[in-house]
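S.K.: Here you go, one structure.
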Amino acid sequence: MDFHFNKPEFEDATLDFHRFVLLVTHRFSDRIRFVGELEVEHAFVEGLEEAGELELEQAYVDFLLSRSINVRAGMILMPIGIINERHEPPVFYGVERPFVDTFIVPTTWFEAGAGIHGEIGRGWRYRTFVAAPLNAREFSADEGLREGRQKGSEANIGRPALTGRLEYLGVRGLTAGASFWTGRSGFEFRPRFDVPVTLGEFDARYTRGPLELRGQFAQVAISNAKELNDAMGRSVGVDPNIARSLRGFYGEAGYRFLSTASSGEFGAFVRYENFDTQFRMPDGYVPLKEFDRDATVFGLTYWPDPDIAIKTDYSVIRNQSTTITAPNSFNIGLGWWF
Amino acid sequence: MNTLFTRSGLLLGLVTLLAGSAGASSRIAAAAQSETVDIVAERFSFSPSEFRVKAGVPIEIRLRSDDTDHGFRILETDINVRIPKRGKAPLTVTFQPPAPGRYTFECSHVCGAGHAFMRGTIIVQ
């Protein structure tokens, strides 16, 4: 559960019950399990309006065959980055997720698909899935791939995408991983043409005592972006200025203090992010500089219980435009899980 | 672009370097009568998720959570306990492997979206 107060500069504040999540699980046997996650976003869902979303983020069956190979099928989370598979509010600093995990990696990224996962020994584990691809018709200059998620809703699976992650957990406190996603996303256009999309990502997080460090880098390549812009321009009358490459990275340091079992603990953090949804443009296109952004986010979290986080932060956001400014924001959040 | 690649690479390198300096791994301390293993649970992994012990020796498993309360269950045994939340004292269970072989353990308390990933193996030689 995730409840936010957001006050962007020069705008009125808003209160938003951002996420209400119901997790359902069932064990058919020791080797066959079901996991489901149903989420209401922004508290209210209204047809054909951008008021909120009711999302089936996970609904899969796991067939646990052996330590090294297990089969998963259904609605699954794409195994990309730190946040997408591990997005409960108490486990990350900041009221909102990192911008990189919004504009470059479109979390929460879930699709219908199937694949295998397992551990291969000495701290290494993997997962790889085929899933429905992104829909390039919904890409945008501002939010990149984000609106292209089909979300398992009558998803076109003519050419399935492939995704995977290799993760190392062999040193206590360290999780390091690398992920990829590749698929062809031009299936909605007539005549058809290919829009191959590839995302590469690597990340690490490390905890030692009260110190917590995180870093992530992600880059997206969109082939045939010029043809994509031409096709969308013809259909809607406005050229969407979609880039051929998007890129983002962040580094974060957090420190926990005043920890007691009875009264909880505090944590302070600072995160620097750089994210650009117009990183490289097709020939003949000029990048929109307001989408070349960086952010410094700093704040405090209080955990009265490890499953409840009361958060506050301030986001200083800058872009490269000389005419359009990015508003800073002050945020307060309450997140919990049980 | 190269500079930014380099910066981000250095950042992740620093994280990895700090981790390496910790040099921590599974602490298996041989004692006269038993072996002791420290396991830390967090969403969504056990650390270590695999360890080896000698046959015929009881294993004292000390369980601690880095976040919420997790479960610890060794399949095909009667061991199934709740690991207390972060900040609480570790829980210790004793496991006497009935025979050499591989014993799978897992989180038995639903702890979030990746709960099913929380599995590990005890190798008794």
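As shown in the structure tokens, the chain order sets the letters A, B, ...; within each chain, residues go from 1, and ligands are also counted from 1 in the order they appear.
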Neighbouring residues of B:Arg43 were defined as those with any atom within 12 Å, considering only C-alpha atoms; residues of the same chain fewer than 3 positions away were excluded. Please report them as a PyMOL selection string.

M.R.: (chain A and resi 82-83+85-88+90-92+175+306-307) or (chain B and resi 40+46-47+65-71+85-86+107+109-119)

S.K.: Need the shell around A:Glu111: protein/DNA/RNA residues with any atom at most 12 Å away, counting only C-alpha atoms. Skip same-chain ones fewer than 6 positions apart. Format as number ranges by chain?

M.R.: A: 55-60, 73-79, 129-135, 148-157, 160-163

S.K.: Rounded to one decimal place, report the atom CA of B:Ile123-atom CA of B:Gln33 distance in Å.

M.R.: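 So the answer is 18.3 Å.
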
S.K.: Could you state the separation of atom CA of A:Trp124 and atom CA of B:Arg102 in Å, given to one decimal place?

M.R.: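 So the answer is 17.9 Å.
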
S.K.: Return as a list of chain:residue names the full set of residues in stretch 33-67 of chain B whose backbone-based DSSP assignment is strand (DSSP E).

M.R.: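 DSSP-assigned strand (DSSP E) residues in stretch 33-67 of chain B: B:Glu35, B:Thr36, B:Val37, B:Asp38, B:Ile39, B:Val40, B:Ala41, B:Glu42, B:Ser45, B:Phe46, B:Ser47, B:Glu50, B:Phe51, B:Arg52, B:Val53, B:Ile59, B:Glu60, B:Ile61, B:Arg62, B:Leu63, B:Arg64, B:Ser65.
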
S.K.: Selected residues, N, CA and C atoms, written as a compact mmCIF listing (two decimals), in the first residue's frame, please.

M.R.:
# COMPACT_ATOMS: atom_id res chain seq x y z
N GLU B 35 27.42 -28.18 13.72
CA GLU B 35 27.88 -27.10 12.86
C GLU B 35 26.86 -25.97 12.93
N THR B 36 27.37 -24.75 12.89
CA THR B 36 26.48 -23.59 12.97
C THR B 36 26.50 -22.83 11.65
N VAL B 37 25.33 -22.49 11.18
CA VAL B 37 25.21 -21.75 9.92
C VAL B 37 24.34 -20.52 10.18
N ASP B 38 24.82 -19.37 9.76
CA ASP B 38 24.02 -18.14 9.84
C ASP B 38 23.36 -17.90 8.50
N ILE B 39 22.05 -17.73 8.51
CA ILE B 39 21.32 -17.44 7.27
C ILE B 39 20.55 -16.13 7.46
N VAL B 40 20.71 -15.25 6.48
CA VAL B 40 19.95 -13.99 6.49
C VAL B 40 18.89 -14.07 5.40
N ALA B 41 17.65 -13.76 5.77
CA ALA B 41 16.55 -13.73 4.80
C ALA B 41 16.21 -12.28 4.48
N GLU B 42 15.94 -12.02 3.23
CA GLU B 42 15.40 -10.72 2.83
C GLU B 42 14.59 -10.94 1.58
N SER B 45 15.43 -13.48 -1.11
CA SER B 45 16.51 -14.46 -1.16
C SER B 45 16.95 -14.84 0.25
N PHE B 46 17.60 -16.00 0.32
CA PHE B 46 18.32 -16.39 1.52
C PHE B 46 19.81 -16.23 1.23
N SER B 47 20.55 -15.81 2.21
CA SER B 47 21.99 -15.71 2.03
C SER B 47 22.70 -16.37 3.22
N GLU B 50 22.91 -21.76 -0.42
CA GLU B 50 23.42 -23.14 -0.54
C GLU B 50 24.60 -23.29 0.41
N PHE B 51 24.64 -24.37 1.18
CA PHE B 51 25.82 -24.64 2.02
C PHE B 51 25.97 -26.14 2.21
N ARG B 52 27.19 -26.53 2.55
CA ARG B 52 27.53 -27.95 2.69
C ARG B 52 27.85 -28.24 4.14
N VAL B 53 27.43 -29.38 4.61
CA VAL B 53 27.73 -29.83 5.97
C VAL B 53 28.09 -31.31 5.93
N ILE B 59 23.01 -29.72 12.61
CA ILE B 59 23.28 -28.36 12.12
C ILE B 59 22.45 -27.39 12.95
N GLU B 60 23.15 -26.41 13.51
CA GLU B 60 22.45 -25.34 14.22
C GLU B 60 22.31 -24.18 13.23
N ILE B 61 21.08 -23.88 12.85
CA ILE B 61 20.84 -22.84 11.84
C ILE B 61 20.30 -21.60 12.54
N ARG B 62 21.09 -20.51 12.46
CA ARG B 62 20.65 -19.24 13.07
C ARG B 62 20.04 -18.37 11.98
N LEU B 63 18.79 -18.01 12.16
CA LEU B 63 18.02 -17.32 11.14
C LEU B 63 17.75 -15.88 11.54
N ARG B 64 18.03 -14.96 10.63
CA ARG B 64 17.78 -13.55 10.89
C ARG B 64 17.17 -12.93 9.63
N SER B 65 16.29 -11.97 9.83
CA SER B 65 15.68 -11.28 8.69
C SER B 65 16.24 -9.87 8.56

S.K.: Mind listing as a PDB file with N, CA and C atoms, in the first residue's frame which residues of chain A are within 9 Å of chain B, counting only C-alpha atoms?

M.R.:
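Output contents, as saved in iface.pdb:
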ATOM      1  N   LEU A  23      -2.343  -9.390  -2.591  1.00  0.00           N
ATOM      2  CA  LEU A  23      -1.518 -10.521  -3.003  1.00  0.00           C
ATOM      3  C   LEU A  23      -2.236 -11.812  -2.620  1.00  0.00           C
ATOM      4  N   THR A  25      -1.989 -16.067  -2.880  1.00  0.00           N
ATOM      5  CA  THR A  25      -1.141 -17.199  -3.242  1.00  0.00           C
ATOM      6  C   THR A  25      -1.861 -18.497  -2.906  1.00  0.00           C
ATOM      7  N   ASP A  30       3.891 -29.129  -3.006  1.00  0.00           N
ATOM      8  CA  ASP A  30       5.222 -28.572  -2.770  1.00  0.00           C
ATOM      9  C   ASP A  30       5.854 -28.065  -4.059  1.00  0.00           C
ATOM     10  N   ARG A  33       2.713 -23.979  -7.473  1.00  0.00           N
ATOM     11  CA  ARG A  33       2.172 -22.860  -6.691  1.00  0.00           C
ATOM     12  C   ARG A  33       1.596 -21.784  -7.601  1.00  0.00           C
ATOM     13  N   VAL A  35       0.740 -17.573  -7.684  1.00  0.00           N
ATOM     14  CA  VAL A  35       0.913 -16.255  -7.078  1.00  0.00           C
ATOM     15  C   VAL A  35       0.104 -15.259  -7.892  1.00  0.00           C
ATOM     16  N   GLY A  36      -0.682 -14.438  -7.235  1.00  0.00           N
ATOM     17  CA  GLY A  36      -1.460 -13.418  -7.921  1.00  0.00           C
ATOM     18  C   GLY A  36      -1.333 -12.078  -7.211  1.00  0.00           C
ATOM     19  N   GLU A  37      -1.299 -11.009  -7.981  1.00  0.00           N
ATOM     20  CA  GLU A  37      -1.200  -9.663  -7.406  1.00  0.00           C
ATOM     21  C   GLU A  37      -2.141  -8.752  -8.188  1.00  0.00           C
ATOM     22  N   GLN A  58       0.404  -9.670 -11.440  1.00  0.00           N
ATOM     23  CA  GLN A  58       0.983 -11.008 -11.454  1.00  0.00           C
ATOM     24  C   GLN A  58      -0.144 -12.026 -11.323  1.00  0.00           C
ATOM     25  N   ASP A  62       3.873 -21.510 -10.815  1.00  0.00           N
ATOM     26  CA  ASP A  62       5.262 -21.956 -10.785  1.00  0.00           C
ATOM     27  C   ASP A  62       5.286 -23.471 -10.674  1.00  0.00           C
ATOM     28  N   ARG A  67      16.317 -27.336  -8.429  1.00  0.00           N
ATOM     29  CA  ARG A  67      16.905 -26.061  -8.027  1.00  0.00           C
ATOM     30  C   ARG A  67      17.320 -25.241  -9.247  1.00  0.00           C
ATOM     31  N   LEU A  77       6.194 -10.632 -13.960  1.00  0.00           N
ATOM     32  CA  LEU A  77       6.967  -9.395 -13.941  1.00  0.00           C
ATOM     33  C   LEU A  77       8.202  -9.573 -14.815  1.00  0.00           C
ATOM     34  N   GLU A  85      10.806  -6.100  -9.818  1.00  0.00           N
ATOM     35  CA  GLU A  85      10.369  -7.321  -9.130  1.00  0.00           C
ATOM     36  C   GLU A  85      10.317  -7.139  -7.613  1.00  0.00           C
ATOM     37  N   ARG A  86      10.748  -6.010  -7.131  1.00  0.00           N
ATOM     38  CA  ARG A  86      10.900  -5.810  -5.687  1.00  0.00           C
ATOM     39  C   ARG A  86      10.429  -4.387  -5.387  1.00  0.00           C
ATOM     40  N   HIS A  87       9.099  -4.212  -5.440  1.00  0.00           N
ATOM     41  CA  HIS A  87       8.589  -2.848  -5.465  1.00  0.00           C
ATOM     42  C   HIS A  87       7.721  -2.479  -4.266  1.00  0.00           C
ATOM     43  N   GLU A  88       7.781  -3.267  -3.194  1.00  0.00           N
ATOM     44  CA  GLU A  88       7.032  -2.890  -1.999  1.00  0.00           C
ATOM     45  C   GLU A  88       7.649  -1.616  -1.408  1.00  0.00           C
ATOM     46  N   PRO A  90       8.252  -0.325   1.552  1.00  0.00           N
ATOM     47  CA  PRO A  90       9.264  -0.323   2.620  1.00  0.00           C
ATOM     48  C   PRO A  90      10.665  -0.734   2.158  1.00  0.00           C
ATOM     49  N   VAL A  91      10.822  -1.275   0.954  1.00  0.00           N
ATOM     50  CA  VAL A  91      12.144  -1.777   0.556  1.00  0.00           C
ATOM     51  C   VAL A  91      12.918  -0.817  -0.347  1.00  0.00           C
ATOM     52  N   HIS A 117      13.302 -20.380 -14.578  1.00  0.00           N
ATOM     53  CA  HIS A 117      14.161 -19.682 -13.608  1.00  0.00           C
ATOM     54  C   HIS A 117      14.788 -20.714 -12.699  1.00  0.00           C
ATOM     55  N   GLY A 118      15.880 -20.329 -12.077  1.00  0.00           N
ATOM     56  CA  GLY A 118      16.525 -21.258 -11.161  1.00  0.00           C
ATOM     57  C   GLY A 118      17.856 -20.722 -10.669  1.00  0.00           C
ATOM     58  N   GLU A 119      18.520 -21.541  -9.860  1.00  0.00           N
ATOM     59  CA  GLU A 119      19.852 -21.207  -9.340  1.00  0.00           C
ATOM     60  C   GLU A 119      20.853 -22.141  -9.968  1.00  0.00           C
ATOM     61  N   GLY A 121      24.121 -22.283  -8.816  1.00  0.00           N
ATOM     62  CA  GLY A 121      25.195 -22.562  -7.865  1.00  0.00           C
ATOM     63  C   GLY A 121      26.118 -21.388  -7.643  1.00  0.00           C
ATOM     64  N   ARG A 122      26.807 -21.419  -6.508  1.00  0.00           N
ATOM     65  CA  ARG A 122      27.776 -20.399  -6.115  1.00  0.00           C
ATOM     66  C   ARG A 122      27.192 -18.986  -6.145  1.00  0.00           C
ATOM     67  N   GLY A 123      25.929 -18.877  -5.815  1.00  0.00           N
ATOM     68  CA  GLY A 123      25.319 -17.551  -5.692  1.00  0.00           C
ATOM     69  C   GLY A 123      24.722 -16.998  -6.972  1.00  0.00           C
ATOM     70  N   LEU A 169      24.437 -13.389  -6.021  1.00  0.00           N
ATOM     71  CA  LEU A 169      24.177 -13.123  -4.601  1.00  0.00           C
ATOM     72  C   LEU A 169      25.197 -13.854  -3.728  1.00  0.00           C
ATOM     73  N   GLY A 170      26.369 -14.099  -4.276  1.00  0.00           N
ATOM     74  CA  GLY A 170      27.343 -14.941  -3.585  1.00  0.00           C
ATOM     75  C   GLY A 170      28.099 -14.269  -2.470  1.00  0.00           C
ATOM     76  N   VAL A 171      27.995 -12.970  -2.333  1.00  0.00           N
ATOM     77  CA  VAL A 171      28.651 -12.251  -1.246  1.00  0.00           C
ATOM     78  C   VAL A 171      27.558 -11.662  -0.365  1.00  0.00           C
ATOM     79  N   ARG A 172      27.666 -11.922   0.915  1.00  0.00           N
ATOM     80  CA  ARG A 172      26.596 -11.478   1.815  1.00  0.00           C
ATOM     81  C   ARG A 172      26.400  -9.964   1.714  1.00  0.00           C
ATOM     82  N   GLY A 173      25.164  -9.578   1.527  1.00  0.00           N
ATOM     83  CA  GLY A 173      24.825  -8.157   1.449  1.00  0.00           C
ATOM     84  C   GLY A 173      24.802  -7.608   0.041  1.00  0.00           C
ATOM     85  N   LEU A 174      25.354  -8.351  -0.919  1.00  0.00           N
ATOM     86  CA  LEU A 174      25.448  -7.861  -2.293  1.00  0.00           C
ATOM     87  C   LEU A 174      24.466  -8.595  -3.199  1.00  0.00           C
ATOM     88  N   ALA A 176      23.998  -8.270  -7.325  1.00  0.00           N
ATOM     89  CA  ALA A 176      24.390  -7.606  -8.573  1.00  0.00           C
ATOM     90  C   ALA A 176      23.714  -8.338  -9.713  1.00  0.00           C
ATOM     91  N   PHE A 202      22.192  -2.972 -16.070  1.00  0.00           N
ATOM     92  CA  PHE A 202      22.915  -3.646 -15.003  1.00  0.00           C
ATOM     93  C   PHE A 202      22.778  -2.842 -13.721  1.00  0.00           C
ATOM     94  N   ASP A 203      22.865  -3.528 -12.606  1.00  0.00           N
ATOM     95  CA  ASP A 203      22.592  -2.884 -11.327  1.00  0.00           C
ATOM     96  C   ASP A 203      23.306  -3.616 -10.204  1.00  0.00           C
ATOM     97  N   ALA A 204      23.417  -2.949  -9.081  1.00  0.00           N
ATOM     98  CA  ALA A 204      23.968  -3.587  -7.879  1.00  0.00           C
ATOM     99  C   ALA A 204      23.391  -2.890  -6.664  1.00  0.00           C
ATOM    100  N   ARG A 205      23.169  -3.662  -5.628  1.00  0.00           N
ATOM    101  CA  ARG A 205      22.813  -3.067  -4.338  1.00  0.00           C
ATOM    102  C   ARG A 205      23.581  -3.809  -3.261  1.00  0.00           C
ATOM    103  N   TYR A 206      23.991  -3.032  -2.261  1.00  0.00           N
ATOM    104  CA  TYR A 206      24.847  -3.609  -1.241  1.00  0.00           C
ATOM    105  C   TYR A 206      24.459  -3.035   0.115  1.00  0.00           C
ATOM    106  N   THR A 207      24.346  -3.919   1.076  1.00  0.00           N
ATOM    107  CA  THR A 207      24.011  -3.506   2.439  1.00  0.00           C
ATOM    108  C   THR A 207      25.085  -4.024   3.381  1.00  0.00           C
ATOM    109  N   ARG A 208      25.626  -3.134   4.174  1.00  0.00           N
ATOM    110  CA  ARG A 208      26.566  -3.561   5.207  1.00  0.00           C
ATOM    111  C   ARG A 208      26.234  -2.773   6.465  1.00  0.00           C
ATOM    112  N   LEU A 213      23.837   0.869  -0.339  1.00  0.00           N
ATOM    113  CA  LEU A 213      24.245   1.493  -1.592  1.00  0.00           C
ATOM    114  C   LEU A 213      23.518   0.823  -2.744  1.00  0.00           C
ATOM    115  N   ARG A 214      23.155   1.634  -3.736  1.00  0.00           N
ATOM    116  CA  ARG A 214      22.493   1.090  -4.926  1.00  0.00           C
ATOM    117  C   ARG A 214      22.964   1.849  -6.149  1.00  0.00           C
ATOM    118  N   GLY A 215      23.013   1.156  -7.258  1.00  0.00           N
ATOM    119  CA  GLY A 215      23.283   1.823  -8.530  1.00  0.00           C
ATOM    120  C   GLY A 215      22.646   1.044  -9.656  1.00  0.00           C
ATOM    121  N   GLN A 216      22.248   1.745 -10.678  1.00  0.00           N
ATOM    122  CA  GLN A 216      21.612   1.084 -11.819  1.00  0.00           C
ATOM    123  C   GLN A 216      21.890   1.891 -13.081  1.00  0.00           C
ATOM    124  N   PHE A 217      22.092   1.178 -14.175  1.00  0.00           N
ATOM    125  CA  PHE A 217      22.274   1.804 -15.485  1.00  0.00           C
ATOM    126  C   PHE A 217      21.374   1.080 -16.472  1.00  0.00           C
ATOM    127  N   PHE A 249      20.632   6.437 -15.533  1.00  0.00           N
ATOM    128  CA  PHE A 249      21.374   5.747 -14.472  1.00  0.00           C
ATOM    129  C   PHE A 249      21.177   6.488 -13.160  1.00  0.00           C
ATOM    130  N   TYR A 250      21.396   5.803 -12.065  1.00  0.00           N
ATOM    131  CA  TYR A 250      21.352   6.459 -10.767  1.00  0.00           C
ATOM    132  C   TYR A 250      22.274   5.775  -9.777  1.00  0.00           C
ATOM    133  N   GLY A 251      22.657   6.545  -8.780  1.00  0.00           N
ATOM    134  CA  GLY A 251      23.410   6.012  -7.650  1.00  0.00           C
ATOM    135  C   GLY A 251      22.763   6.522  -6.375  1.00  0.00           C
ATOM    136  N   SER A 259      18.352   2.947  15.584  1.00  0.00           N
ATOM    137  CA  SER A 259      17.611   1.694  15.438  1.00  0.00           C
ATOM    138  C   SER A 259      17.400   1.026  16.790  1.00  0.00           C
ATOM    139  N   THR A 260      16.148   0.793  17.138  1.00  0.00           N
ATOM    140  CA  THR A 260      15.836  -0.029  18.301  1.00  0.00           C
ATOM    141  C   THR A 260      14.670  -0.938  17.944  1.00  0.00           C
ATOM    142  N   ALA A 261      14.647  -2.102  18.548  1.00  0.00           N
ATOM    143  CA  ALA A 261      13.586  -3.058  18.236  1.00  0.00           C
ATOM    144  C   ALA A 261      12.217  -2.532  18.638  1.00  0.00           C
ATOM    145  N   SER A 262      12.177  -1.697  19.685  1.00  0.00           N
ATOM    146  CA  SER A 262      10.876  -1.246  20.187  1.00  0.00           C
ATOM    147  C   SER A 262      10.345  -0.014  19.459  1.00  0.00           C
ATOM    148  N   GLY A 264      11.589   1.256  16.378  1.00  0.00           N
ATOM    149  CA  GLY A 264      11.831   1.319  14.944  1.00  0.00           C
ATOM    150  C   GLY A 264      13.163   1.926  14.593  1.00  0.00           C
ATOM    151  N   ASP A 305       7.916  -0.057  12.085  1.00  0.00           N
ATOM    152  CA  ASP A 305       7.923  -1.515  11.965  1.00  0.00           C
ATOM    153  C   ASP A 305       8.595  -1.777  10.613  1.00  0.00           C
ATOM    154  N   PRO A 306       9.315  -2.896  10.469  1.00  0.00           N
ATOM    155  CA  PRO A 306       9.982  -3.116   9.172  1.00  0.00           C
ATOM    156  C   PRO A 306       9.035  -3.135   7.976  1.00  0.00           C
ATOM    157  N   ASP A 307       7.738  -3.344   8.210  1.00  0.00           N
ATOM    158  CA  ASP A 307       6.785  -3.397   7.096  1.00  0.00           C
ATOM    159  C   ASP A 307       6.005  -2.100   6.902  1.00  0.00           C
ATOM    160  N   TRP A 337       3.023  -2.918   4.155  1.00  0.00           N
ATOM    161  CA  TRP A 337       2.858  -4.237   3.553  1.00  0.00           C
ATOM    162  C   TRP A 337       2.579  -5.243   4.645  1.00  0.00           C
ATOM    163  N   PHE A 338       1.707  -6.180   4.389  1.00  0.00           N
ATOM    164  CA  PHE A 338       1.529  -7.271   5.350  1.00  0.00           C
ATOM    165  C   PHE A 338       1.047  -8.492   4.620  1.00  0.00           C
TER     166      PHE A 338
END

S.K.: Return as number ranges by chain the full set of residues in stretch 80-308 of chain A whose backbone-based DSSP assignment is helix (DSSP H, G or I).

M.R.: A: 89-91, 100-104, 136-138, 146-148, 225-236, 289-291

S.K.: Pick out the residues sitting within 6 Å of A:Leu334, and hand them over as a PDB file with C-alpha atoms, in the first residue's frame; count only C-alpha atoms, and ignore anything fewer than 6 positions along from it in its own chain.

M.R.:
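To be explicit, this is the file written out as around11.pdb:
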ATOM      1  CA  ASP A   2       1.288   3.395  -0.943  1.00  0.00           C
ATOM      2  CA  PHE A   3      -0.254   6.723   0.100  1.00  0.00           C
ATOM      3  CA  ALA A 309       7.587   3.163   6.014  1.00  0.00           C
ATOM      4  CA  ILE A 310       6.862   6.833   6.613  1.00  0.00           C
TER       5      ILE A 310
END

S.K.: Compile the contact shell of A:Phe10 as a PyMOL selection string: residues with an atom at most 9 Å away, counting only C-alpha atoms, same-chain residues fewer than 2 positions apart removed.

M.R.: chain A and resi 7-8+12+327-328

S.K.: Using only C-alpha atoms, which residues sit within 9 Å of B:Pro100 once same-chain residues fewer than 5 positions away are excluded, as JSON, numbers by chain?

M.R.: {"B": [54, 55, 56, 123, 124, 125]}

S.K.: Would you export the selected residues with N, CA and C atoms as a tab-separated table (two decimals), in the first residue's frame, please?

M.R.:
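This went into part_25.tsv:
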chain	number	residue	atom	x	y	z
B	54	LYS	N	28.71	-31.74	7.04
B	54	LYS	CA	29.12	-33.15	7.09
B	54	LYS	C	27.94	-34.01	7.55
B	55	ALA	N	27.90	-35.20	7.02
B	55	ALA	CA	26.84	-36.14	7.41
B	55	ALA	C	27.02	-36.56	8.86
B	56	GLY	N	25.93	-36.77	9.54
B	56	GLY	CA	25.97	-37.28	10.90
B	56	GLY	C	26.16	-36.22	11.96
B	123	ILE	N	23.44	-29.18	1.43
B	123	ILE	CA	24.07	-30.38	0.85
B	123	ILE	C	24.78	-31.11	1.99
B	124	VAL	N	24.33	-32.30	2.29
B	124	VAL	CA	24.90	-33.11	3.37
B	124	VAL	C	25.79	-34.18	2.74
B	125	GLN	N	27.10	-34.11	3.06
B	125	GLN	CA	28.06	-35.02	2.41
B	125	GLN	C	28.60	-36.04	3.41

S.K.: Can you tell me, as a list in words, what residues are no more than 10 Å from A:His42 when counting only C-alpha atoms, ignoring any on the same chain fewer than 2 positions away?

M.R.: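 Listing them by chain and then by number gives Asp2, Phe3, His4, Leu15, Asp16, Phe17, His18, Arg19, Phe20, Glu39, Val40, Phe44, Val45, Glu50, Ala51, Gly52, Glu53 and Leu54 of chain A.
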
S.K.: If I take atom CA of A:Asn84 and atom CA of A:Ile104, how far is one from the other in Å, to one decimal?

M.R.: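 About the pair atom CA of A:Asn84 and atom CA of A:Ile104: they are 11.9 Å apart.
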
S.K.: Can you list, as a PyMOL selection string, every protein, DNA or RNA residue that comes within 12 Å of A:Asp239 when you count only C-alpha atoms, leaving out same-chain residues fewer than 6 positions away?

M.R.: chain A and resi 137+139-141+225-233+285-286

S.K.: Pick from B:Gly101, B:Pro84, B:Phe95, B:Pro58: nearest to B:Ser34, with only C-alpha atoms counted?

M.R.: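 Going through B:Gly101, B:Pro84, B:Phe95, B:Pro58 one by one, the smallest distance to B:Ser34 is for B:Pro58.
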